[in-house]
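Dropping target-v4.cif in here (mmCIF, C-alpha atoms and all ligand atoms):
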data_entry
loop_
_atom_site.label_atom_id
_atom_site.label_comp_id
_atom_site.auth_asym_id
_atom_site.auth_seq_id
_atom_site.Cartn_x
_atom_site.Cartn_y
_atom_site.Cartn_z
CA MET I 246 11.04 -22.05 1.70
CA THR I 247 12.49 -21.89 5.20
CA ARG I 248 15.78 -20.06 5.66
CA ALA I 249 17.66 -19.29 8.85
CA TYR I 250 16.12 -16.14 10.28
CA PRO I 251 18.81 -13.40 10.29
CA ILE I 252 18.16 -12.29 13.86
CA ASP I 253 21.54 -10.59 14.33
CA LEU I 254 21.16 -8.64 11.11
CA VAL I 255 17.64 -7.64 12.12
CA ARG I 256 18.75 -6.49 15.57
CA GLN I 257 21.55 -4.36 14.12
CA GLN I 258 18.91 -2.34 12.31
CA PHE I 259 17.16 -1.22 15.50
CA PRO I 260 19.25 1.37 17.38
CA ALA I 261 16.85 1.34 20.35
CA LEU I 262 18.13 -2.14 21.21
CA ARG I 263 21.34 -0.48 22.41
CA ARG I 264 19.46 1.14 25.29
CA THR I 265 20.26 -0.19 28.75
CA HIS I 266 18.29 -0.16 31.97
CA ASN I 267 19.92 -1.00 35.30
CA GLY I 268 23.09 -1.77 33.36
CA ARG I 269 21.47 -4.37 31.13
CA PRO I 270 20.27 -4.19 27.51
CA VAL I 271 16.56 -3.49 27.39
CA ALA I 272 14.33 -6.25 26.02
CA TYR I 273 11.34 -4.58 24.37
CA PHE I 274 8.24 -6.68 24.89
CA ASP I 275 5.73 -3.95 24.15
CA GLY I 276 5.55 -4.34 20.38
CA PRO I 277 1.71 -4.28 20.48
CA GLY I 278 1.92 -0.86 22.15
CA GLY I 279 4.41 0.36 19.56
CA SER I 280 7.38 -1.27 17.88
CA GLN I 281 10.89 0.11 17.81
CA VAL I 282 11.89 1.97 14.65
CA VAL I 283 14.18 0.61 11.95
CA SER I 284 17.30 2.74 11.35
CA THR I 285 16.60 3.35 7.63
CA CYS I 286 13.32 4.94 8.67
CA ILE I 287 14.99 7.11 11.33
CA ASP I 288 17.59 8.23 8.75
CA ALA I 289 14.96 9.02 6.13
CA MET I 290 12.96 11.14 8.58
CA ALA I 291 16.05 13.02 9.79
CA ASP I 292 17.29 13.48 6.20
CA TYR I 293 13.98 14.95 5.15
CA MET I 294 14.20 17.59 7.86
CA ARG I 295 17.92 18.22 7.41
CA LYS I 296 17.64 18.77 3.66
CA GLY I 297 14.79 21.25 4.02
CA GLY I 298 11.16 20.22 4.15
CA ALA I 299 8.27 21.98 2.48
CA ASN I 300 4.55 22.02 1.91
CA LEU I 301 2.99 20.66 -1.27
CA HIS I 302 2.43 22.26 -4.68
CA GLY I 303 5.55 24.48 -4.61
CA GLN I 304 7.66 25.06 -7.71
CA PHE I 305 10.87 24.45 -5.70
CA ALA I 306 12.89 21.27 -5.17
CA SER I 307 12.03 20.57 -1.51
CA SER I 308 8.31 20.73 -2.32
CA VAL I 309 8.69 18.42 -5.30
CA GLU I 310 10.70 16.04 -3.10
CA THR I 311 7.98 16.11 -0.44
CA GLU I 312 5.39 15.05 -3.00
CA ALA I 313 7.73 12.27 -4.16
CA HIS I 314 8.04 10.99 -0.56
CA ILE I 315 4.28 10.88 -0.22
CA HIS I 316 3.94 9.08 -3.54
CA ASP I 317 6.57 6.55 -2.44
CA ALA I 318 4.79 6.05 0.88
CA ARG I 319 1.47 5.42 -0.90
CA CYS I 320 3.04 2.92 -3.30
CA ALA I 321 4.80 1.10 -0.44
CA MET I 322 1.58 0.86 1.58
CA ALA I 323 -0.33 -0.29 -1.52
CA ASP I 324 2.15 -3.16 -1.91
CA LEU I 325 1.98 -3.92 1.80
CA LEU I 326 -1.82 -4.22 1.78
CA ASN I 327 -2.37 -5.33 -1.85
CA VAL I 328 -4.43 -2.35 -2.99
CA ASN I 329 -3.90 0.50 -5.47
CA PRO I 330 -1.89 3.53 -4.29
CA GLY I 331 -4.96 5.75 -4.83
CA GLU I 332 -6.81 3.71 -2.21
CA ILE I 333 -4.33 4.63 0.55
CA ALA I 334 -4.88 7.68 2.80
CA PHE I 335 -2.68 8.90 5.63
CA GLY I 336 -3.59 10.63 8.88
CA ALA I 337 -2.59 11.24 12.48
CA ASN I 338 -3.35 7.69 13.65
CA ALA I 339 -5.85 4.91 12.98
CA THR I 340 -8.34 6.18 15.56
CA THR I 341 -8.50 9.71 14.17
CA LEU I 342 -8.85 8.42 10.60
CA LEU I 343 -11.75 6.17 11.59
CA PHE I 344 -13.57 8.98 13.40
CA GLN I 345 -13.17 11.08 10.25
CA LEU I 346 -14.29 8.28 8.01
CA ALA I 347 -17.27 7.33 10.19
CA ARG I 348 -18.58 10.87 9.96
CA ALA I 349 -18.42 10.75 6.17
CA ILE I 350 -19.69 7.20 5.71
CA GLY I 351 -22.56 7.60 8.14
CA ARG I 352 -23.91 10.86 6.68
CA ASP I 353 -27.02 9.10 5.39
CA TRP I 354 -27.50 6.56 8.19
CA LYS I 355 -31.00 6.77 9.68
CA PRO I 356 -33.05 5.22 12.48
CA GLY I 357 -33.85 1.62 11.58
CA ASP I 358 -30.36 1.09 10.14
CA GLU I 359 -27.96 -1.13 12.05
CA ILE I 360 -24.21 -1.45 12.47
CA VAL I 361 -22.21 -4.36 13.89
CA VAL I 362 -19.13 -4.17 16.12
CA THR I 363 -17.38 -6.81 18.25
CA GLU I 364 -16.67 -7.37 21.91
CA LEU I 365 -13.10 -8.49 21.18
CA ASP I 366 -11.96 -5.35 19.38
CA HIS I 367 -9.84 -2.47 20.58
CA ARG I 368 -12.32 0.37 21.03
CA GLY I 369 -10.54 2.18 18.20
CA ASN I 370 -12.69 0.21 15.72
CA VAL I 371 -15.79 0.38 17.89
CA ASP I 372 -16.34 3.90 19.21
CA PRO I 373 -15.91 5.85 15.96
CA TRP I 374 -18.86 3.86 14.54
CA VAL I 375 -20.89 3.59 17.75
CA THR I 376 -20.60 7.34 18.40
CA LEU I 377 -21.96 8.13 14.96
CA ALA I 378 -24.68 5.49 15.34
CA LYS I 379 -25.82 7.26 18.51
CA ASP I 380 -25.96 10.60 16.69
CA LYS I 381 -28.04 9.08 13.91
CA GLY I 382 -30.33 6.86 15.99
CA VAL I 383 -28.83 3.72 14.43
CA THR I 384 -29.00 0.38 16.26
CA VAL I 385 -25.69 -1.19 17.35
CA ARG I 386 -25.37 -4.97 17.39
CA TRP I 387 -22.42 -6.78 18.93
CA ILE I 388 -20.66 -9.95 17.86
CA LYS I 389 -19.95 -11.65 21.17
CA VAL I 390 -16.60 -12.94 22.35
CA ASN I 391 -16.44 -16.43 23.84
CA LEU I 392 -14.68 -16.00 27.19
CA ALA I 393 -13.45 -19.59 27.24
CA THR I 394 -11.82 -19.53 23.80
CA PHE I 395 -11.19 -15.78 23.28
CA THR I 396 -12.67 -16.10 19.80
CA LEU I 397 -15.68 -14.41 18.22
CA GLU I 398 -19.06 -16.18 18.33
CA LEU I 399 -19.83 -16.40 14.62
CA ASP I 400 -22.65 -18.99 14.74
CA ASP I 401 -25.47 -16.44 14.62
CA LEU I 402 -23.73 -14.17 12.09
CA ASN I 403 -26.70 -14.38 9.70
CA THR I 404 -28.99 -12.84 12.31
CA ILE I 405 -26.58 -10.21 13.61
CA ILE I 406 -25.66 -9.10 10.09
CA ASN I 407 -28.95 -8.69 8.23
CA GLU I 408 -30.66 -6.59 5.56
CA LYS I 409 -30.65 -3.55 7.87
CA THR I 410 -26.89 -3.64 8.44
CA ARG I 411 -24.98 -0.70 6.93
CA LEU I 412 -21.51 -1.44 8.28
CA VAL I 413 -19.63 -4.22 10.06
CA ALA I 414 -16.49 -3.27 12.03
CA VAL I 415 -14.24 -6.19 12.92
CA GLY I 416 -10.66 -6.60 14.05
CA LEU I 417 -8.23 -8.84 12.21
CA ALA I 418 -6.08 -9.51 15.28
CA SER I 419 -6.79 -8.77 18.94
CA ASN I 420 -4.34 -6.35 20.55
CA ALA I 421 -4.89 -7.96 23.96
CA VAL I 422 -5.03 -11.72 23.46
CA GLY I 423 -3.68 -12.06 19.92
CA THR I 424 -6.60 -13.99 18.41
CA VAL I 425 -6.74 -13.72 14.62
CA ASN I 426 -10.38 -13.53 13.56
CA ASP I 427 -12.04 -15.11 10.55
CA VAL I 428 -12.61 -11.76 8.88
CA ALA I 429 -13.18 -13.27 5.44
CA LYS I 430 -16.22 -15.11 6.81
CA VAL I 431 -17.64 -11.96 8.40
CA ALA I 432 -16.97 -9.95 5.24
CA ALA I 433 -18.65 -12.57 3.03
CA ARG I 434 -21.84 -12.31 5.08
CA ALA I 435 -21.68 -8.50 5.05
CA ARG I 436 -21.37 -8.56 1.27
CA GLN I 437 -24.53 -10.71 0.98
CA VAL I 438 -26.55 -7.89 2.57
CA GLY I 439 -24.67 -4.99 0.98
CA ALA I 440 -23.02 -3.77 4.22
CA LEU I 441 -19.57 -2.18 4.30
CA VAL I 442 -16.76 -3.91 6.16
CA ALA I 443 -14.21 -1.95 8.21
CA VAL I 444 -11.28 -4.09 9.31
CA ASP I 445 -8.89 -3.04 12.07
CA ALA I 446 -5.53 -4.49 11.03
CA VAL I 447 -3.41 -2.45 13.46
CA GLN I 448 -2.18 -5.61 15.23
CA ALA I 449 -2.09 -7.79 12.12
CA VAL I 450 0.18 -5.77 9.85
CA PRO I 451 3.17 -5.98 12.25
CA HIS I 452 3.06 -9.79 12.10
CA PHE I 453 1.59 -11.35 8.96
CA SER I 454 0.83 -10.44 5.38
CA VAL I 455 -2.50 -8.75 4.91
CA ASP I 456 -4.38 -8.81 1.62
CA VAL I 457 -7.25 -6.34 1.64
CA ARG I 458 -8.83 -7.81 -1.48
CA ALA I 459 -8.65 -11.41 -0.26
CA LEU I 460 -10.20 -10.37 3.07
CA GLY I 461 -13.06 -8.59 1.32
CA ALA I 462 -12.53 -5.40 3.34
CA ASP I 463 -13.92 -2.09 2.12
CA ILE I 464 -11.91 -0.20 4.72
CA LEU I 465 -8.78 -1.41 6.47
CA SER I 466 -6.84 0.59 9.03
CA CYS I 467 -3.34 0.22 10.43
CA SER I 468 -0.63 2.32 12.05
CA SER I 469 3.00 2.44 10.99
CA TYR I 470 4.33 2.99 14.53
CA LYS I 471 3.31 -0.62 15.16
CA PHE I 472 5.37 -1.86 12.21
CA PHE I 473 8.79 -0.30 12.67
CA GLY I 474 7.91 3.13 11.27
CA PRO I 475 6.68 6.60 12.25
CA HIS I 476 3.55 7.67 14.13
CA ILE I 477 1.20 7.78 11.15
CA GLY I 478 -2.21 6.19 10.68
CA ILE I 479 -3.08 4.57 7.37
CA VAL I 480 -6.40 3.59 5.91
CA ALA I 481 -7.04 1.64 2.71
CA ILE I 482 -10.46 2.31 1.20
CA ARG I 483 -11.81 0.42 -1.80
CA SER I 484 -11.99 2.95 -4.63
CA ALA I 485 -15.65 2.21 -5.39
CA VAL I 486 -16.37 3.35 -1.81
CA PHE I 487 -13.74 6.09 -1.59
CA GLU I 488 -14.39 7.96 -4.84
CA PRO I 489 -18.05 8.84 -4.26
CA LEU I 490 -17.50 9.49 -0.52
CA GLU I 491 -18.36 13.01 0.58
CA VAL I 492 -15.82 13.77 3.30
CA TYR I 493 -15.64 16.71 5.69
CA LYS I 494 -12.95 18.94 4.16
CA LEU I 495 -11.94 22.51 3.49
CA VAL I 496 -13.48 23.96 0.32
CA PRO I 497 -10.16 24.72 -1.48
CA ALA I 498 -8.58 21.37 -0.52
CA PRO I 499 -8.43 18.58 -3.14
CA ALA I 500 -11.77 16.88 -3.77
CA GLU I 501 -10.36 13.61 -5.12
CA ALA I 502 -9.45 10.39 -3.36
CA PRO I 503 -7.18 9.84 -1.55
CA ASP I 504 -6.13 13.46 -0.86
CA LYS I 505 -9.61 14.57 0.17
CA LEU I 506 -9.43 12.55 3.39
CA GLU I 507 -5.98 13.91 4.29
CA THR I 508 -7.17 17.09 5.97
CA GLY I 509 -4.60 19.75 6.80
CA THR I 510 -0.88 19.24 6.36
CA LEU I 511 0.36 15.71 6.86
CA ASN I 512 3.37 14.58 8.89
CA HIS I 513 5.81 14.91 5.97
CA GLU I 514 8.92 13.78 7.81
CA GLY I 515 7.02 10.75 9.06
CA LEU I 516 5.84 9.95 5.55
CA ALA I 517 9.47 9.90 4.40
CA GLY I 518 9.88 6.99 6.83
CA ILE I 519 7.00 4.82 5.61
CA LYS I 520 8.76 3.32 2.60
CA PRO I 521 11.85 2.26 4.62
CA ALA I 522 9.57 0.59 7.20
CA VAL I 523 7.86 -1.42 4.47
CA GLU I 524 11.20 -2.17 2.80
CA PHE I 525 12.47 -3.61 6.08
CA ILE I 526 9.81 -6.33 5.85
CA ALA I 527 10.39 -6.86 2.10
CA ALA I 528 14.15 -7.21 2.63
CA LEU I 529 13.55 -10.28 4.80
CA GLY I 530 11.93 -12.04 1.86
CA GLU I 531 12.51 -13.11 -1.70
CA GLY I 532 10.63 -12.58 -4.95
CA ASN I 533 10.47 -10.59 -8.13
CA THR I 534 8.06 -7.90 -7.00
CA ARG I 535 8.00 -5.93 -3.76
CA ARG I 536 4.64 -7.50 -2.91
CA GLU I 537 6.15 -10.97 -3.31
CA ARG I 538 9.11 -10.03 -1.12
CA ILE I 539 6.74 -8.60 1.50
CA VAL I 540 4.69 -11.81 1.66
CA SER I 541 7.85 -13.89 1.84
CA GLY I 542 9.42 -11.56 4.45
CA TYR I 543 6.37 -11.94 6.68
CA GLU I 544 6.68 -15.72 6.43
CA GLN I 545 10.22 -15.48 7.84
CA MET I 546 9.08 -13.18 10.64
CA GLU I 547 6.13 -15.39 11.52
CA ILE I 548 8.24 -18.52 11.91
CA HIS I 549 10.63 -16.66 14.21
CA GLU I 550 8.00 -14.85 16.29
CA ASN I 551 5.64 -17.80 16.63
CA ARG I 552 8.41 -20.11 17.82
CA LEU I 553 9.39 -17.65 20.56
CA ALA I 554 5.77 -16.93 21.53
CA GLU I 555 5.09 -20.65 21.81
CA LYS I 556 8.08 -21.01 24.14
CA ILE I 557 6.54 -18.39 26.44
CA ARG I 558 3.07 -19.94 26.29
CA VAL I 559 4.35 -23.43 27.09
CA ALA I 560 6.53 -22.19 29.97
CA PHE I 561 3.70 -20.19 31.53
CA ALA I 562 1.13 -22.95 31.15
CA ASN I 563 3.13 -24.78 33.85
CA LEU I 564 3.16 -21.91 36.34
CA ARG I 565 0.26 -22.29 38.74
CA ARG I 566 -0.06 -18.62 39.66
CA ILE I 567 -0.09 -17.41 36.06
CA ARG I 568 -3.32 -17.27 34.11
CA LEU I 569 -2.97 -17.03 30.36
CA TYR I 570 -5.72 -15.46 28.26
CA GLN I 571 -5.43 -17.11 24.89
CA ALA I 572 -7.31 -18.99 22.21
CA PRO I 573 -6.81 -22.78 21.85
CA SER I 574 -3.72 -23.90 19.96
CA ALA I 575 -5.61 -24.55 16.70
CA VAL I 576 -6.55 -20.85 16.48
CA GLN I 577 -4.11 -18.54 14.67
CA LYS I 578 -2.62 -15.94 17.02
CA THR I 579 -0.17 -13.08 16.87
CA PRO I 580 2.85 -13.41 19.21
CA THR I 581 0.99 -11.47 21.91
CA VAL I 582 0.51 -13.07 25.32
CA ALA I 583 -1.85 -11.61 27.92
CA LEU I 584 -1.66 -12.87 31.48
CA THR I 585 -2.35 -12.17 35.12
CA VAL I 586 -0.44 -13.32 38.17
CA GLU I 587 -2.54 -14.49 41.09
CA GLY I 588 -2.39 -12.07 44.02
CA MET I 589 -0.41 -9.36 42.23
CA ALA I 590 -1.59 -6.30 40.30
CA PRO I 591 -0.44 -6.21 36.64
CA SER I 592 1.31 -2.88 37.30
CA GLU I 593 3.32 -4.47 40.11
CA VAL I 594 4.26 -7.46 37.96
CA CYS I 595 5.55 -5.08 35.30
CA GLN I 596 7.46 -2.88 37.77
CA ARG I 597 9.22 -5.93 39.18
CA ILE I 598 10.07 -7.42 35.80
CA ILE I 599 11.31 -4.08 34.49
CA GLU I 600 13.58 -3.55 37.49
CA SER I 601 14.81 -7.13 37.93
CA SER I 602 15.35 -7.95 34.26
CA SER I 603 15.26 -4.76 32.16
CA ILE I 604 12.28 -6.05 30.21
CA PHE I 605 9.92 -3.32 29.04
CA VAL I 606 6.54 -4.95 29.31
CA ALA I 607 3.19 -3.18 29.72
CA ASP I 608 0.07 -3.49 31.86
CA GLY I 609 -3.52 -2.30 31.38
CA ASN I 610 -6.58 -2.99 29.29
CA PHE I 611 -4.98 -1.46 26.18
CA TYR I 612 -8.45 -0.23 25.12
CA ALA I 613 -9.57 -3.83 24.58
CA TRP I 614 -11.97 -2.45 27.07
CA THR I 615 -15.08 -4.55 26.39
CA LEU I 616 -13.17 -7.81 26.73
CA ALA I 617 -11.54 -6.68 29.99
CA GLU I 618 -14.93 -5.49 31.24
CA LYS I 619 -16.58 -8.82 30.45
CA LEU I 620 -13.77 -10.64 32.23
CA GLY I 621 -14.25 -8.31 35.20
CA ILE I 622 -10.57 -7.39 35.28
CA ASN I 623 -10.72 -3.64 34.60
CA PRO I 624 -10.84 -2.82 38.34
CA THR I 625 -7.72 -4.89 39.03
CA GLY I 626 -5.67 -3.31 36.25
CA ALA I 627 -6.50 -5.91 33.56
CA TRP I 628 -3.48 -7.67 32.04
CA VAL I 629 0.25 -7.90 31.75
CA ARG I 630 0.86 -8.08 27.99
CA ALA I 631 4.03 -9.44 26.43
CA GLY I 632 4.21 -8.92 22.70
CA LEU I 633 7.04 -10.03 20.47
CA SER I 634 8.52 -8.26 17.48
CA PRO I 635 10.89 -9.47 14.75
CA TYR I 636 13.87 -8.10 16.69
CA ASN I 637 13.25 -10.08 19.90
CA ASN I 638 15.64 -12.98 20.40
CA GLU I 639 15.88 -16.21 22.34
CA GLU I 640 17.98 -14.70 25.17
CA GLU I 641 15.29 -12.07 25.82
CA VAL I 642 12.54 -14.66 25.84
CA ASP I 643 14.50 -16.87 28.24
CA ARG I 644 15.15 -13.83 30.44
CA PHE I 645 11.41 -13.10 30.53
CA ILE I 646 10.48 -16.70 31.33
CA GLU I 647 13.08 -16.83 34.11
CA ALA I 648 11.92 -13.53 35.60
CA MET I 649 8.26 -14.55 35.55
CA THR I 650 9.07 -17.96 36.98
CA GLN I 651 10.88 -16.33 39.92
CA LEU I 652 8.02 -13.90 40.43
CA ALA I 653 5.23 -16.46 40.28
CA LYS I 654 6.95 -19.10 42.43
C1 LIG M 701 -6.04 -3.24 17.50
C2 LIG M 701 -5.83 -1.77 17.60
N1 LIG M 701 -6.68 -0.94 16.97
C3 LIG M 701 -6.54 0.38 17.01
C4 LIG M 701 -5.51 0.96 17.72
C5 LIG M 701 -5.37 2.44 17.72
O1 LIG M 701 -4.37 2.81 16.84
P1 LIG M 701 -3.86 4.31 16.79
O2 LIG M 701 -2.98 4.51 17.97
O3 LIG M 701 -3.12 4.40 15.49
O4 LIG M 701 -5.05 5.19 16.80
C6 LIG M 701 -4.60 0.15 18.41
C7 LIG M 701 -3.52 0.74 19.20
O5 LIG M 701 -2.94 0.13 20.05
C8 LIG M 701 -4.77 -1.25 18.34
O6 LIG M 701 -3.94 -2.07 18.97
#
For this file, write the structure as structure tokens.
Ligand SMILES: Cc1ncc(COP(=O)(O)O)c(C=O)c1O
Amino acid sequence: MTRAYPIDLVRQQFPALRRTHNGRPVAYFDGPGGSQVVSTCIDAMADYMRKGGANLHGQFASSVETEAHIHDARCAMADLLNVNPGEIAFGANATTLLFQLARAIGRDWKPGDEIVVTELDHRGNVDPWVTLAKDKGVTVRWIKVNLATFTLELDDLNTIINEKTRLVAVGLASNAVGTVNDVAKVAARARQVGALVAVDAVQAVPHFSVDVRALGADILSCSSYKFFGPHIGIVAIRSAVFEPLEVYKLVPAPAEAPDKLETGTLNHEGLAGIKPAVEFIAALGEGNTRRERIVSGYEQMEIHENRLAEKIRVAFANLRRIRLYQAPSAVQKTPTVALTVEGMAPSEVCQRIIESSSIFVADGNFYAWTLAEKLGINPTGAWVRAGLSPYNNEEEVDRFIEAMTQLAK
């Protein structure tokens, strides 16, 4: 069901929107780099520290409360990703968790084995696996990106993923160009040959509902600082994979999933903020269970974000000096728009837009390094990337279009 998107109510919940630059409210267009934080999450983190934090396993109230926060965070993430709470592990960020996981998963990889990564992905779901493959003498195969459509070349999937494949790492949504990949298709082929599937959902979770089971992912990573919460990485690991996994850990530390992957002391104040971040999405929706409200909340967000992103894409398609890097309209995309302006470095475009219009927009390759390399744009500073979040409004989008139109005249 379509309801009016409560943009004003949403904006009230993000204190960072009160920031000004050059006397004007800042428009945050760097959601893909990191979203702003919802006030309930900020309050929960501050409350945790104000009330007295603690480490785990104490007999005193603040320790018991800390464990309750972590339990709540696990349950919230389980609902967000449609897994069991015991399949959720927390860490410093997605990259660090994947390096840790790769080391454990690849313990028994040997020469002759193969892994598969993609040219479209952020290197965060490439290098943890490729580095280990190098150590173990394992062959790395790449799923190519089509530079005309910014989609993955999946035609020869049956050759690339074969009986020797141990793991396939694939992104759900591109952080640079926004393409949403057909992960279910890749995962189905991986399953045929008994390979594990590691899905990078860092740029998907901020925008649309993700169902780990429906995707067929064994491992799925995301980061709550991209979806209105704290700087914490999250990984969901299918219990049949997680339970037998021999991780690198301290001897006295817990040996069971999920705790065994959570080396050292976690970011407890951050964990207190995970549930509020998830609840922000759920509160936009309707339903009897939190999972139902999450799915419905995402639907509301998607309608709002996609309409605004389309407005930007249509406006820029008419500007001769702007080149858009995006998949054809039939391909699902996140509201992330990568572009270059003829004759101007991306850093200069951003500086001008920031100063003229108080729009915080970022430049660079954003670690979508292989794609930028193949396009030959790393030496020129790669892209300007405008990414929308649920708190962006029409006025901000119009301001951005106007500023870019002036600049690219
Ligand atoms: C698609 C994608 N994967 C992985 C990462 C890395 O995430 P983290 O900063 O949590 O390590 C990012 C960060 O921008 C990303 O956009």
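Each of I:Val586, I:Val425, I:Ala378, I:Cys595 was checked against ligand LIG 701 (chain M) using all atoms listed in the file; the smallest atom-to-atom distance is that of I:Val425.
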Using only C-alpha atoms and all ligand atoms, tabulate the residues of chain I lying at most 9 Å from any atom of ligand LIG 701 (chain M), each with its closest atom pair and that distance in Å to one decimal, by chain and increasing residue number, as a tab-separated table.
residue	atom	partner	partner_atom	distance
I:Pro277	CA	M:LIG701	O6	6.3
I:Gly278	CA	M:LIG701	O5	5.4
I:Gly279	CA	M:LIG701	O5	7.4
I:Ala337	CA	M:LIG701	O3	7.5
I:Asn338	CA	M:LIG701	O3	3.8
I:Ala339	CA	M:LIG701	O3	3.7
I:Thr340	CA	M:LIG701	O4	3.7
I:Thr341	CA	M:LIG701	O4	6.3
I:Leu342	CA	M:LIG701	O4	8.0
I:Leu343	CA	M:LIG701	O4	8.5
I:Asp366	CA	M:LIG701	C1	6.6
I:His367	CA	M:LIG701	C1	5.0
I:Arg368	CA	M:LIG701	C3	7.0
I:Gly369	CA	M:LIG701	C3	4.5
I:Asn370	CA	M:LIG701	N1	6.2
I:Gly416	CA	M:LIG701	C1	6.7
I:Leu417	CA	M:LIG701	C1	8.0
I:Ala418	CA	M:LIG701	C1	6.7
I:Ser419	CA	M:LIG701	C1	5.8
I:Asn420	CA	M:LIG701	O6	4.6
I:Ala421	CA	M:LIG701	O6	7.8
I:Asp445	CA	M:LIG701	N1	5.8
I:Ala446	CA	M:LIG701	C1	6.6
I:Val447	CA	M:LIG701	C2	4.8
I:Gln448	CA	M:LIG701	C1	5.1
I:Ala449	CA	M:LIG701	C1	8.1
I:Ser466	CA	M:LIG701	C3	8.0
I:Cys467	CA	M:LIG701	O3	6.6
I:Ser468	CA	M:LIG701	O3	4.7
I:Ser469	CA	M:LIG701	O3	7.8
I:Tyr470	CA	M:LIG701	O3	7.6
I:Lys471	CA	M:LIG701	O5	8.0
I:His476	CA	M:LIG701	O3	7.6
I:Ile477	CA	M:LIG701	O3	7.0
I:Gly478	CA	M:LIG701	O3	5.2
I:Ile479	CA	M:LIG701	O3	8.1
I:Phe611	CA	M:LIG701	O5	6.7
I:Tyr612	CA	M:LIG701	O5	7.5
I:Ala613	CA	M:LIG701	C1	7.9
If you count only C-alpha atoms, which residues fall within 12 Å of Val361 of chain I, apart from same-chain ones fewer than 2 positions away, as a ChimeraX atom specification? /I:358-359,363-364,366,370-372,374-375,378,383-389,402-407,409-416,431-432,434-435,440-444
Could the residues in this selection be saved with C-alpha atoms as a compact mmCIF listing (two decimals), keeping the file's coordinate frame?
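selection_11.txt was written with the following content:
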# COMPACT_ATOMS: atom_id res chain seq x y z
CA ASP I 358 -30.36 1.09 10.14
CA GLU I 359 -27.96 -1.13 12.05
CA THR I 363 -17.38 -6.81 18.25
CA GLU I 364 -16.67 -7.37 21.91
CA ASP I 366 -11.96 -5.35 19.38
CA ASN I 370 -12.69 0.21 15.72
CA VAL I 371 -15.79 0.38 17.89
CA ASP I 372 -16.34 3.90 19.21
CA TRP I 374 -18.86 3.86 14.54
CA VAL I 375 -20.89 3.59 17.75
CA ALA I 378 -24.68 5.49 15.34
CA VAL I 383 -28.83 3.72 14.43
CA THR I 384 -29.00 0.38 16.26
CA VAL I 385 -25.69 -1.19 17.35
CA ARG I 386 -25.37 -4.97 17.39
CA TRP I 387 -22.42 -6.78 18.93
CA ILE I 388 -20.66 -9.95 17.86
CA LYS I 389 -19.95 -11.65 21.17
CA LEU I 402 -23.73 -14.17 12.09
CA ASN I 403 -26.70 -14.38 9.70
CA THR I 404 -28.99 -12.84 12.31
CA ILE I 405 -26.58 -10.21 13.61
CA ILE I 406 -25.66 -9.10 10.09
CA ASN I 407 -28.95 -8.69 8.23
CA LYS I 409 -30.65 -3.55 7.87
CA THR I 410 -26.89 -3.64 8.44
CA ARG I 411 -24.98 -0.70 6.93
CA LEU I 412 -21.51 -1.44 8.28
CA VAL I 413 -19.63 -4.22 10.06
CA ALA I 414 -16.49 -3.27 12.03
CA VAL I 415 -14.24 -6.19 12.92
CA GLY I 416 -10.66 -6.60 14.05
CA VAL I 431 -17.64 -11.96 8.40
CA ALA I 432 -16.97 -9.95 5.24
CA ARG I 434 -21.84 -12.31 5.08
CA ALA I 435 -21.68 -8.50 5.05
CA ALA I 440 -23.02 -3.77 4.22
CA LEU I 441 -19.57 -2.18 4.30
CA VAL I 442 -16.76 -3.91 6.16
CA ALA I 443 -14.21 -1.95 8.21
CA VAL I 444 -11.28 -4.09 9.31
Go through segment 450-555 of chain I residue by residue and, counting only C-alpha atoms, keep those with an atom at most 10 Å from segment 291-303 of chain I; for each kept residue give the shortest atom pair and its distance in Å to one decimal, ordered by chain and increasing number, as a Markdown table.
| residue | atom | partner | partner_atom | distance |
| --- | --- | --- | --- | --- |
| I:Thr510 | CA | I:Asn300 | CA | 7.6 |
| I:Leu511 | CA | I:Asn300 | CA | 9.0 |
| I:His513 | CA | I:Gly298 | CA | 7.8 |
| I:Glu514 | CA | I:Tyr293 | CA | 5.8 |
| I:Gly515 | CA | I:Tyr293 | CA | 9.0 |
| I:Leu516 | CA | I:Tyr293 | CA | 9.6 |
| I:Ala517 | CA | I:Tyr293 | CA | 6.8 |
| I:Gly518 | CA | I:Tyr293 | CA | 9.1 |
For atom CA of Ala653 of chain I and atom CA of Gly609 of chain I, the interatomic separation in Å (one decimal): 18.9 Å
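If you measure from each of I:Thr396, I:Gln651, I:Asn551, I:Thr585 to Trp628 of chain I using only C-alpha atoms, the closest one turns out to be I:Thr585.
Nearest to Asn267 of chain I of all the residues I:Ile598, I:Val422, I:Leu325, I:Met589 is I:Ile598, counting all atoms listed in the file.
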Polymer residues at most 12 Å from (5.4, 6.2, 2.4) by all atoms listed in the file, as a PyMOL selection string: chain I and resi 286+289-290+311-325+330+333-336+469+474-479+511-524
